[in-house]
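Have a look at input33.cif; it's mmCIF, C-alpha atoms and all ligand atoms:
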data_coords
#
loop_
_atom_site.label_atom_id
_atom_site.label_comp_id
_atom_site.auth_asym_id
_atom_site.auth_seq_id
_atom_site.Cartn_x
_atom_site.Cartn_y
_atom_site.Cartn_z
CA MET A 79 105.06 104.89 73.96
CA PRO A 80 103.23 101.76 72.75
CA ASP A 81 101.36 102.13 69.48
CA THR A 82 97.74 101.98 70.65
CA GLN A 83 96.46 101.50 67.08
CA THR A 84 98.40 98.32 66.43
CA MET A 85 97.94 96.86 69.90
CA LYS A 86 94.14 96.80 70.03
CA ASP A 87 92.73 94.43 72.60
CA ALA A 88 89.59 92.34 72.45
CA VAL A 89 87.64 95.07 74.28
CA GLY A 90 88.42 97.98 71.90
CA ILE A 91 89.87 100.27 74.57
CA ARG A 92 90.79 103.81 73.55
CA GLY A 93 91.87 105.25 76.92
CA TYR A 94 90.76 106.72 80.22
CA ASP A 95 87.63 108.83 80.12
CA TYR A 96 85.95 110.56 83.08
CA ILE A 97 86.30 109.83 86.80
CA GLU A 98 83.36 110.53 89.10
CA PHE A 99 83.73 111.35 92.79
CA TYR A 100 80.88 111.19 95.30
CA VAL A 101 81.41 113.88 97.93
CA GLY A 102 79.64 115.72 100.75
CA SER A 103 79.57 119.10 99.01
CA ALA A 104 80.11 119.08 95.24
CA LYS A 105 80.23 122.85 94.89
CA MET A 106 83.03 123.26 97.41
CA THR A 107 84.99 120.24 96.18
CA ALA A 108 84.67 121.43 92.57
CA PHE A 109 86.06 124.79 93.68
CA TRP A 110 89.06 123.03 95.30
CA PHE A 111 89.72 120.94 92.15
CA ALA A 112 89.49 124.02 89.93
CA LYS A 113 91.60 126.24 92.17
CA THR A 114 94.38 123.81 93.04
CA LEU A 115 94.64 121.60 89.93
CA GLY A 116 93.85 124.41 87.51
CA LEU A 117 90.82 122.64 86.02
CA GLN A 118 87.98 124.41 84.25
CA ILE A 119 84.40 123.97 85.44
CA THR A 120 83.03 123.08 82.02
CA ALA A 121 79.50 121.89 82.73
CA TYR A 122 76.92 121.44 85.45
CA ALA A 123 73.92 119.20 86.09
CA GLY A 124 71.37 119.73 88.85
CA PRO A 125 67.79 120.74 89.58
CA GLU A 126 68.08 123.68 87.15
CA THR A 127 68.95 121.30 84.31
CA GLY A 128 66.24 118.76 85.10
CA VAL A 129 68.27 116.52 87.47
CA ARG A 130 66.29 116.54 90.71
CA ASP A 131 68.24 114.41 93.18
CA ARG A 132 71.90 115.42 92.73
CA VAL A 133 74.29 118.11 91.54
CA SER A 134 77.34 117.37 89.41
CA TYR A 135 80.17 119.60 88.30
CA TYR A 136 82.16 118.54 85.24
CA LEU A 137 85.78 119.75 85.30
CA THR A 138 88.27 119.38 82.48
CA LYS A 139 91.80 120.22 81.41
CA ASN A 140 93.54 118.71 78.37
CA LYS A 141 92.57 115.00 78.58
CA LEU A 142 91.48 115.13 82.23
CA LYS A 143 87.77 114.76 82.95
CA PHE A 144 86.43 114.79 86.51
CA VAL A 145 82.82 114.72 87.67
CA ILE A 146 82.13 115.84 91.25
CA THR A 147 78.70 114.78 92.51
CA SER A 148 76.67 115.29 95.69
CA ALA A 149 73.16 114.31 96.75
CA VAL A 150 70.71 117.15 97.25
CA GLN A 151 68.03 114.99 98.88
CA PRO A 152 68.48 112.55 101.79
CA ASP A 153 66.69 109.83 99.82
CA THR A 154 69.38 109.84 97.10
CA TYR A 155 70.50 106.74 98.88
CA GLU A 156 73.13 105.65 96.35
CA ILE A 157 75.18 108.79 97.07
CA THR A 158 74.37 109.45 100.72
CA SER A 159 75.14 105.87 101.74
CA PHE A 160 78.44 105.94 99.81
CA VAL A 161 79.57 109.20 101.43
CA THR A 162 78.41 108.14 104.91
CA LYS A 163 80.37 104.91 104.69
CA HIS A 164 83.46 105.84 102.67
CA GLY A 165 83.71 109.63 102.96
CA ASP A 166 84.53 111.51 99.76
CA GLY A 167 85.88 109.08 97.18
CA VAL A 168 85.92 107.73 93.65
CA LYS A 169 82.59 106.12 92.78
CA ARG A 170 83.39 105.24 89.18
CA TRP A 171 86.12 105.52 86.61
CA SER A 172 85.48 105.11 82.94
CA ILE A 173 87.16 103.86 79.82
CA GLU A 174 86.36 105.07 76.33
CA VAL A 175 85.77 102.10 74.03
CA ASP A 176 85.00 101.64 70.33
CA ASP A 177 81.74 99.82 71.05
CA VAL A 178 80.08 99.76 74.49
CA GLU A 179 77.88 96.74 73.71
CA ARG A 180 80.89 94.72 72.57
CA ALA A 181 83.04 95.67 75.59
CA PHE A 182 80.19 94.90 77.98
CA ARG A 183 79.42 91.56 76.29
CA TYR A 184 83.09 90.61 76.51
CA ALA A 185 83.24 91.55 80.22
CA THR A 186 80.05 89.79 81.33
CA GLY A 187 80.89 86.82 79.09
CA HIS A 188 84.13 86.46 81.09
CA GLY A 189 82.52 86.77 84.52
CA ALA A 190 82.15 90.53 85.16
CA VAL A 191 79.53 91.49 87.74
CA MET A 192 76.97 93.66 85.95
CA VAL A 193 75.81 97.02 87.33
CA THR A 194 74.15 98.73 84.34
CA ARG A 195 73.44 97.20 80.94
CA PRO A 196 74.41 99.18 77.81
CA HIS A 197 72.00 102.08 77.47
CA LYS A 198 71.60 105.17 75.34
CA LEU A 199 71.53 108.67 76.90
CA GLU A 200 69.94 110.91 74.28
CA ASP A 201 69.00 114.55 73.63
CA SER A 202 68.87 116.88 70.64
CA HIS A 203 72.70 116.82 70.34
CA GLY A 204 72.85 113.06 69.73
CA TYR A 205 73.47 110.21 72.10
CA VAL A 206 76.07 108.72 74.48
CA MET A 207 76.34 104.98 75.12
CA GLU A 208 77.28 103.74 78.61
CA ALA A 209 77.38 100.49 80.59
CA ALA A 210 78.91 99.66 83.97
CA ILE A 211 80.36 96.70 85.85
CA ARG A 212 81.27 96.19 89.53
CA LEU A 213 84.77 96.90 90.81
CA TYR A 214 86.02 96.43 94.37
CA ASP A 215 83.31 97.07 97.04
CA ASP A 216 81.25 100.05 95.88
CA THR A 217 83.24 101.19 92.85
CA GLU A 218 82.18 100.88 89.23
CA LEU A 219 84.00 100.69 85.93
CA VAL A 220 82.08 102.42 83.14
CA TYR A 221 82.39 101.83 79.38
CA VAL A 222 81.57 104.96 77.45
CA ASN A 223 81.34 106.02 73.82
CA ARG A 224 80.24 109.48 72.67
CA ASP A 225 81.11 109.28 68.95
CA TYR A 226 77.54 110.36 68.18
CA TYR A 227 77.26 113.19 70.72
CA ARG A 228 78.04 116.77 69.79
CA GLN A 229 77.91 118.31 73.29
CA THR A 230 79.96 117.92 76.46
CA LEU A 231 79.93 114.78 78.66
CA ARG A 232 76.29 113.62 78.38
CA PRO A 233 72.64 114.75 78.29
CA GLY A 234 71.56 116.61 81.46
CA TYR A 235 74.70 118.78 81.55
CA CYS A 236 74.63 122.47 80.62
CA LYS A 237 77.06 125.36 80.81
CA PRO A 238 77.76 126.12 84.50
CA LEU A 239 75.15 128.47 85.94
CA GLN A 240 77.40 129.53 88.77
CA ASN A 241 79.57 132.54 88.32
CA ILE A 242 82.56 131.43 90.39
CA ARG A 243 85.72 133.43 89.91
CA ILE A 244 88.74 131.15 90.28
CA GLU A 245 92.31 132.24 89.73
CA SER A 246 95.20 129.81 89.85
CA GLN A 247 98.66 129.13 88.49
CA GLU A 248 98.94 127.09 85.25
CA THR A 249 99.62 123.51 86.36
CA GLY A 250 100.37 121.96 82.94
CA ILE A 251 98.72 118.65 83.83
CA VAL A 252 97.62 116.62 80.82
CA GLY A 253 95.87 113.32 81.54
CA ILE A 254 95.55 110.15 83.63
CA ASP A 255 98.66 107.96 83.91
CA HIS A 256 97.28 105.25 86.20
CA ILE A 257 94.57 104.53 88.77
CA VAL A 258 95.36 102.49 91.88
CA GLY A 259 93.03 100.30 93.95
CA ASN A 260 93.47 99.22 97.59
CA VAL A 261 91.97 95.87 98.56
CA ARG A 262 91.93 93.65 101.65
CA GLU A 263 94.41 90.91 102.45
CA ASN A 264 94.06 87.99 99.98
CA GLU A 265 91.94 90.05 97.55
CA MET A 266 94.69 91.31 95.22
CA ASN A 267 94.95 88.16 93.11
CA LEU A 268 91.18 87.92 92.86
CA TRP A 269 90.88 91.46 91.44
CA ALA A 270 93.99 91.16 89.22
CA ASP A 271 92.56 87.96 87.69
CA TYR A 272 89.16 89.67 87.33
CA PHE A 273 90.69 92.54 85.31
CA ASN A 274 92.76 90.20 83.17
CA ARG A 275 89.76 88.00 82.40
CA ILE A 276 87.03 90.58 81.79
CA MET A 277 89.15 93.33 80.17
CA ASP A 278 91.71 91.25 78.27
CA PHE A 279 94.39 92.87 80.49
CA GLU A 280 97.78 91.37 81.35
CA THR A 281 99.77 91.38 84.61
CA PHE A 282 102.66 93.76 84.04
CA VAL A 283 104.39 93.88 87.44
CA ASP A 284 104.11 91.67 90.52
CA PHE A 285 105.66 93.15 93.68
CA LYS A 286 106.04 90.33 96.16
CA ALA A 287 106.64 90.19 99.92
CA GLY A 288 109.83 92.10 100.75
CA ASP A 289 109.77 94.21 97.55
CA ILE A 290 107.83 97.10 99.07
CA GLY A 291 107.95 98.21 102.66
CA THR A 292 109.81 99.60 105.60
CA LYS A 293 110.73 97.75 108.77
CA TYR A 294 107.24 98.59 110.08
CA SER A 295 104.78 98.21 107.23
CA ALA A 296 104.54 96.37 103.95
CA LEU A 297 102.28 95.70 101.01
CA LEU A 298 101.89 93.47 98.00
CA SER A 299 101.08 94.98 94.63
CA LYS A 300 100.21 93.77 91.14
CA VAL A 301 99.93 96.01 88.12
CA VAL A 302 97.46 94.94 85.46
CA ARG A 303 97.24 96.88 82.23
CA SER A 304 95.58 96.93 78.85
CA ARG A 305 97.60 95.48 75.97
CA SER A 306 98.23 98.97 74.58
CA ALA A 307 99.29 100.13 78.10
CA ALA A 308 96.74 102.96 77.78
CA ILE A 309 95.13 101.72 81.01
CA ARG A 310 97.38 100.86 83.96
CA ASN A 311 95.84 99.65 87.16
CA PRO A 312 98.00 98.75 90.16
CA ILE A 313 96.21 96.86 92.96
CA ASN A 314 97.63 96.88 96.52
CA GLU A 315 96.90 94.67 99.48
CA PRO A 316 98.39 94.91 102.98
CA PHE A 317 101.14 92.52 104.01
CA GLU A 318 102.06 91.48 107.50
CA GLY A 319 104.43 93.94 109.21
CA LEU A 320 105.45 95.07 112.67
CA LYS A 321 102.94 97.89 112.52
CA LYS A 322 99.92 98.87 110.47
CA SER A 323 100.54 99.56 106.79
CA GLN A 324 99.04 102.52 104.93
CA ILE A 325 96.83 100.04 103.03
CA GLU A 326 95.36 98.72 106.28
CA GLU A 327 94.75 102.27 107.42
CA TYR A 328 92.97 102.99 104.13
CA ILE A 329 90.78 99.86 104.38
CA GLU A 330 89.81 100.77 107.96
CA GLN A 331 89.11 104.43 107.27
CA TYR A 332 87.40 103.90 103.90
CA HIS A 333 85.50 100.95 105.35
CA GLY A 334 86.34 98.70 102.46
CA SER A 335 88.24 98.47 99.21
CA GLY A 336 88.34 101.29 96.67
CA VAL A 337 90.45 103.70 94.66
CA GLN A 338 93.54 104.83 96.58
CA HIS A 339 95.11 107.29 94.16
CA ILE A 340 95.03 108.67 90.67
CA ALA A 341 98.30 109.53 88.98
CA ILE A 342 98.13 112.58 86.74
CA ALA A 343 100.69 112.98 83.98
CA THR A 344 102.56 116.20 83.31
CA GLU A 345 105.18 117.09 80.69
CA ASN A 346 107.14 119.31 83.07
CA ILE A 347 106.85 118.16 86.65
CA VAL A 348 109.09 120.89 88.09
CA SER A 349 106.84 123.71 86.87
CA SER A 350 103.70 121.65 87.61
CA ILE A 351 104.64 121.02 91.26
CA ALA A 352 105.70 124.65 91.70
CA ALA A 353 102.28 125.78 90.43
CA LEU A 354 100.36 123.16 92.43
CA ARG A 355 102.13 124.22 95.63
CA GLU A 356 101.39 127.85 94.82
CA ASN A 357 97.72 126.88 94.32
CA GLY A 358 97.59 125.33 97.80
CA VAL A 359 98.16 121.59 97.28
CA GLU A 360 99.78 119.86 100.26
CA PHE A 361 102.39 117.20 99.41
CA LEU A 362 104.20 114.50 101.34
CA THR A 363 107.57 115.69 102.58
CA VAL A 364 110.82 114.21 101.31
CA PRO A 365 113.89 114.39 103.59
CA ASP A 366 117.09 116.07 102.33
CA THR A 367 118.91 112.75 102.84
CA TYR A 368 116.89 111.38 99.89
CA TYR A 369 118.66 113.85 97.57
CA ASP A 370 122.06 113.13 99.13
CA MET A 371 121.51 109.46 98.16
CA LEU A 372 120.26 110.42 94.70
CA ARG A 373 123.37 112.52 93.98
CA LYS A 374 125.60 109.56 94.83
CA ARG A 375 124.01 107.25 92.23
CA ASP A 376 126.41 106.49 89.38
CA ASP A 377 123.54 105.74 86.96
CA LEU A 378 122.10 109.25 87.46
CA ASN A 379 121.64 110.71 84.00
CA ILE A 380 118.69 113.05 84.12
CA THR A 381 117.81 116.22 82.27
CA GLU A 382 116.43 118.00 85.32
CA ASN A 383 118.50 119.98 87.77
CA ILE A 384 118.70 118.03 91.03
CA GLU A 385 118.51 121.29 93.03
CA ASP A 386 115.14 121.97 91.39
CA LEU A 387 113.92 118.49 92.35
CA GLN A 388 115.03 119.05 95.94
CA LYS A 389 113.53 122.54 96.10
CA HIS A 390 110.12 121.19 95.09
CA GLY A 391 110.44 117.83 96.89
CA ILE A 392 110.14 115.76 93.70
CA LEU A 393 111.12 112.07 93.75
CA CYS A 394 113.13 110.40 90.97
CA ASP A 395 113.31 106.70 90.12
CA ILE A 396 115.79 105.39 87.55
CA GLU A 397 115.03 102.21 85.64
CA GLY A 398 117.49 101.25 82.90
CA GLN A 399 117.48 103.93 80.20
CA GLY A 400 114.31 105.57 81.45
CA TYR A 401 113.39 107.35 84.64
CA LEU A 402 110.33 108.82 86.23
CA LEU A 403 109.72 111.84 88.40
CA GLN A 404 106.81 111.78 90.81
CA LEU A 405 105.29 113.31 93.92
CA PHE A 406 102.29 112.41 96.05
CA THR A 407 99.82 114.73 97.73
CA LYS A 408 98.61 114.20 101.26
CA PRO A 409 95.06 112.77 101.39
CA ILE A 410 92.89 115.46 99.81
CA GLY A 411 89.84 114.95 102.04
CA ASP A 412 89.13 114.55 105.74
CA ARG A 413 89.91 110.84 105.97
CA PRO A 414 93.39 109.41 105.21
CA THR A 415 92.14 107.71 102.06
CA PHE A 416 92.27 109.18 98.56
CA PHE A 417 95.24 111.20 97.24
CA PHE A 418 96.76 112.30 93.93
CA GLU A 419 100.13 111.55 92.39
CA PHE A 420 101.82 113.70 89.74
CA ILE A 421 104.18 111.93 87.39
CA GLN A 422 106.46 112.61 84.45
CA ARG A 423 107.91 109.70 82.48
CA ARG A 424 111.21 110.11 80.65
CA ASN A 425 112.88 107.96 77.97
CA GLY A 426 110.13 105.34 77.87
CA SER A 427 109.86 104.74 81.61
CA GLN A 428 107.12 102.21 82.39
CA GLY A 429 107.51 101.78 86.17
CA PHE A 430 105.69 103.13 89.19
CA GLY A 431 108.56 104.41 91.36
CA LYS A 432 109.60 101.25 93.17
CA GLY A 433 112.89 102.88 94.20
CA ASN A 434 110.93 105.62 95.98
CA PHE A 435 108.61 103.39 97.96
CA GLN A 436 110.81 103.34 101.06
CA ALA A 437 111.09 107.17 101.29
CA LEU A 438 107.41 107.43 100.52
CA PHE A 439 106.34 104.93 103.16
CA GLU A 440 108.48 106.54 105.83
CA SER A 441 106.87 109.90 105.09
CA ILE A 442 103.38 108.36 105.27
CA GLU A 443 104.22 106.55 108.51
CA LEU A 444 105.01 109.89 110.18
CA ASP A 445 101.51 111.09 109.30
CA GLN A 446 99.96 107.75 110.35
CA LYS A 447 101.68 108.10 113.72
CA LEU A 448 100.24 111.60 114.18
CA ARG A 449 96.77 110.19 113.49
CA GLY A 450 97.35 107.39 116.01
CA ASN A 451 96.96 104.81 113.21
CA LEU A 452 100.47 103.37 112.91
CA ASP A 453 100.22 100.91 115.78
CA ARG A 454 97.63 98.14 115.60
CA GLU A 455 95.89 99.53 118.66
CA TYR A 456 94.88 103.19 118.39
CA GLN A 457 97.66 105.23 120.00
CA PRO A 458 96.47 108.78 120.57
CA THR A 459 99.16 111.38 120.28
CA MET A 460 99.27 114.66 122.13
CA PRO A 461 97.15 117.19 120.23
CA ALA A 462 99.42 118.90 117.71
CA CYS A 463 98.59 122.41 118.83
FE FE A 501 101.05 105.59 91.54
#
Can you dump the structure from the file as structure tokens?
Ligand SMILES: [Fe+2]
Amino acid sequence: MPDTQTMKDAVGIRGYDYIEFYVGSAKMTAFWFAKTLGLQITAYAGPETGVRDRVSYYLTKNKLKFVITSAVQPDTYEITSFVTKHGDGVKRWSIEVDDVERAFRYATGHGAVMVTRPHKLEDSHGYVMEAAIRLYDDTELVYVNRDYYRQTLRPGYCKPLQNIRIESQETGIVGIDHIVGNVRENEMNLWADYFNRIMDFETFVDFKAGDIGTKYSALLSKVVRSRSAAIRNPINEPFEGLKKSQIEEYIEQYHGSGVQHIAIATENIVSSIAALRENGVEFLTVPDTYYDMLRKRDDLNITENIEDLQKHGILCDIEGQGYLLQLFTKPIGDRPTFFFEFIQRRNGSQGFGKGNFQALFESIELDQKLRGNLDREYQPTMPAC
């Protein structure tokens, strides 16, 4: 792993912090996150804690921090309009920095679109500093520092009032590996340049036409990352194909650009996926032929038992000395938009599973076809019942 102390960037990035979702029903979504991912509902904000227009549940596990928020009044326009247009989705993701004012000054000085200036959120436990800039259509990137706050998340949050009993299998998930954005055709370079300029990021990988796709659908992708590699942010855009790519479907169904998936790191993906399946998470299916191909590779030198990978449907991508193991959920909400990835990196792997893209796309195309969204014109299928 890169030494984050010696590779400090101009922005003073420490790592991922919280991710906030705007959803239709925070209480029910928080229950799903807690039950399936094995997260703890750590804190709550709402009318009982002095927040009149919304409810938020703060869920944590190891380094993972999720906030699930819903409007409780129709005039909470910021949330209701987001959910009406996009469905449930990621409103903001945040980065912990040494100094919020410095990071924000650097960003706006290099052309970032401002959302919220640096401001102090204060109560008797100290204060949290935050600022936000625009990302994609309706998404925000937040800089946060809570060095001088002795409580959880931020003022306005208290211990959860709800007494919800949730039992689930231990998932062993530890933190964010990367966050991926989907943008429209011809937007990828714009957003990659934006990140590199305002965050002092660098372009790490550039997947060009022909690198990723099946005979039907294709995409272009650039990965920008912080100099310490603590933050990795792939950006996808659709590329011309015979049929509609999953990125086009996302843009249509989300009604714009936004966060496509969050990859969550685990130190033992076999036991994590077993537990996640047991907890009710639905994953993309991988055909047995994938494992027949994997067994034939002469550079296959992995610690895991291939039968275990096949049993749990886990994908494996080998890159030089390192390799990664990964698996993708189906979209977690009602629209075919946001999903999770689970990933384990071995022997210094830095990639994103390029060798798995074909199997992955073919699996997604089957679901797209069922939804009638694979062809450019809507092609209704017979009801699957
Ligand atoms: Fe990913």
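Atom pair atom CA of A:Thr147 / atom CA of A:Val191 has a distance of 23.8 Å (rounded to one decimal).
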### Point (105.3, 92.3, 115.9), cut-off 12 Å, counting all atoms listed in the file, residues as a list in words
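The distance filter leaves exactly Lys293, Tyr294, Ser295, Glu318, Gly319, Leu320, Lys321, Lys322, Asp453 and Arg454 of chain A.
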### Query
Which residues, written as an MDAnalysis selection string, have at least one atom at most 12 Å from A:Ala437, with only C-alpha atoms counted and residues fewer than 2 positions away on the same chain left out?
chainID A and resid 290:292 362:369 371:372 391:395 405:406 431:435 439:444
### Message
Within 7 Å of (84.1, 102.4, 89.6) (file coordinates; all atoms listed in the file), which protein or nucleic acid residues are there? I'd like them as an MDAnalysis selection string.
### Response
chainID A and resid 168:171 212:213 217:220
### Message
Could you list, as a list of chain:residue names, all protein and nucleic acid residues with an atom at most 10 Å from ligand FE 501 (chain A), counting only C-alpha atoms and all ligand atoms?
### Response
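Those within range of ligand FE 501 (chain A) are A:Asp255, A:His256, A:Ile257, A:Val258, A:Gly259, A:Arg310, A:Asn311, A:Pro312, A:Gln338, A:His339, A:Ile340, A:Ala341, A:Ile342, A:Gln404, A:Leu405, A:Phe406, A:Phe417, A:Phe418, A:Glu419, A:Phe420, A:Ile421, A:Gly429, A:Phe430, A:Gly431, A:Lys432.
Near A:Thr186, within a cut-off of 10 Å and counting all atoms listed in the file, sit the residues Ala181, Phe182, Arg183, Gly189, Ala190, Val191, Met192, Arg195, Ile211, Arg275, Ile276 and Met277 of chain A, with same-chain residues fewer than 3 positions away left out.
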#### Entry: Among the residues A:Ser246, A:Ser299, A:Ser148, A:Asn223, the one that comes closest to A:Lys286 [using all atoms listed in the file]
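So, comparing all the options, the nearest one is A:Ser299.
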### Message
Can you measure atom CA of A:Asp95 to atom CA of A:Gly187 for me? One decimal in Å is fine.
### Response
23.0 Å
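For the residues A:Ile313, A:Leu268, A:Val337, A:Ala112, ranking by smallest atom-to-atom distance to A:His164 using only C-alpha atoms places A:Val337 first.
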### Message
Using all atoms listed in the file for the distances, tell me which of A:Phe111, A:Tyr221, A:Tyr94, A:Phe317 is nearest to A:His197.
### Response
A:Tyr221
### Query
Hey, which of A:Cys236, A:Ile380, A:Val261, A:Val175 ends up closest to A:Gly336? Count all atoms listed in the file.
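The shortest atom-to-atom distance to A:Gly336 comes from A:Val261.
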### Task
In Å, rounded to a single decimal, give me how far atom CA of A:Asp386 is from atom CA of A:Gly426.
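Computing it gives 22.0 Å between the two atoms.
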Completion step: stretch 315-323 of chain A with all heavy atoms as a compact mmCIF listing (two decimals), in the coordinates of the input:
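The new file result_35.txt reads:
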# COMPACT_ATOMS: atom_id res chain seq x y z
N GLU A 315 97.52 95.24 98.27
CA GLU A 315 96.90 94.67 99.48
C GLU A 315 97.92 94.73 100.61
O GLU A 315 99.13 94.72 100.38
CB GLU A 315 96.37 93.24 99.24
CG GLU A 315 97.43 92.17 99.22
CD GLU A 315 96.82 90.76 99.22
OE1 GLU A 315 95.81 90.54 98.55
OE2 GLU A 315 97.39 89.87 99.90
N PRO A 316 97.45 94.82 101.86
CA PRO A 316 98.39 94.91 102.98
C PRO A 316 99.15 93.60 103.14
O PRO A 316 98.65 92.54 102.77
CB PRO A 316 97.51 95.14 104.20
CG PRO A 316 96.10 95.03 103.76
CD PRO A 316 96.05 94.80 102.31
N PHE A 317 100.37 93.72 103.67
CA PHE A 317 101.14 92.52 104.01
C PHE A 317 101.62 92.68 105.44
O PHE A 317 101.90 93.78 105.90
CB PHE A 317 102.32 92.35 103.05
CG PHE A 317 103.06 91.06 103.24
CD1 PHE A 317 102.48 89.86 102.87
CD2 PHE A 317 104.33 91.05 103.81
CE1 PHE A 317 103.14 88.66 103.06
CE2 PHE A 317 105.01 89.85 104.00
CZ PHE A 317 104.41 88.66 103.63
N GLU A 318 101.67 91.54 106.09
CA GLU A 318 102.06 91.48 107.50
C GLU A 318 103.33 92.30 107.79
O GLU A 318 104.33 92.17 107.10
CB GLU A 318 102.36 90.01 107.76
CG GLU A 318 102.50 89.59 109.17
CD GLU A 318 102.80 88.10 109.20
OE1 GLU A 318 102.06 87.32 108.55
OE2 GLU A 318 103.79 87.74 109.82
N GLY A 319 103.26 93.15 108.81
CA GLY A 319 104.43 93.94 109.21
C GLY A 319 104.38 94.17 110.70
O GLY A 319 103.42 93.79 111.37
N LEU A 320 105.41 94.81 111.22
CA LEU A 320 105.45 95.07 112.67
C LEU A 320 104.33 96.01 113.10
O LEU A 320 103.81 95.92 114.19
CB LEU A 320 106.80 95.68 113.06
CG LEU A 320 108.00 94.74 113.05
CD1 LEU A 320 109.27 95.52 113.35
CD2 LEU A 320 107.80 93.61 114.06
N LYS A 321 104.01 96.94 112.20
CA LYS A 321 102.94 97.89 112.52
C LYS A 321 101.94 97.90 111.37
O LYS A 321 102.00 97.08 110.47
CB LYS A 321 103.54 99.27 112.77
CG LYS A 321 104.46 99.25 113.99
CD LYS A 321 104.78 100.60 114.53
CE LYS A 321 105.58 100.43 115.82
NZ LYS A 321 105.81 101.68 116.51
N LYS A 322 101.01 98.84 111.43
CA LYS A 322 99.92 98.87 110.47
C LYS A 322 100.35 99.57 109.18
O LYS A 322 100.87 100.69 109.24
CB LYS A 322 98.75 99.61 111.10
CG LYS A 322 97.43 99.36 110.43
CD LYS A 322 96.36 100.24 111.01
CE LYS A 322 95.92 99.82 112.40
NZ LYS A 322 94.88 100.72 112.93
N SER A 323 100.13 98.94 108.06
CA SER A 323 100.54 99.56 106.79
C SER A 323 99.52 100.61 106.37
O SER A 323 98.39 100.63 106.85
CB SER A 323 100.68 98.52 105.69
OG SER A 323 99.42 98.19 105.17
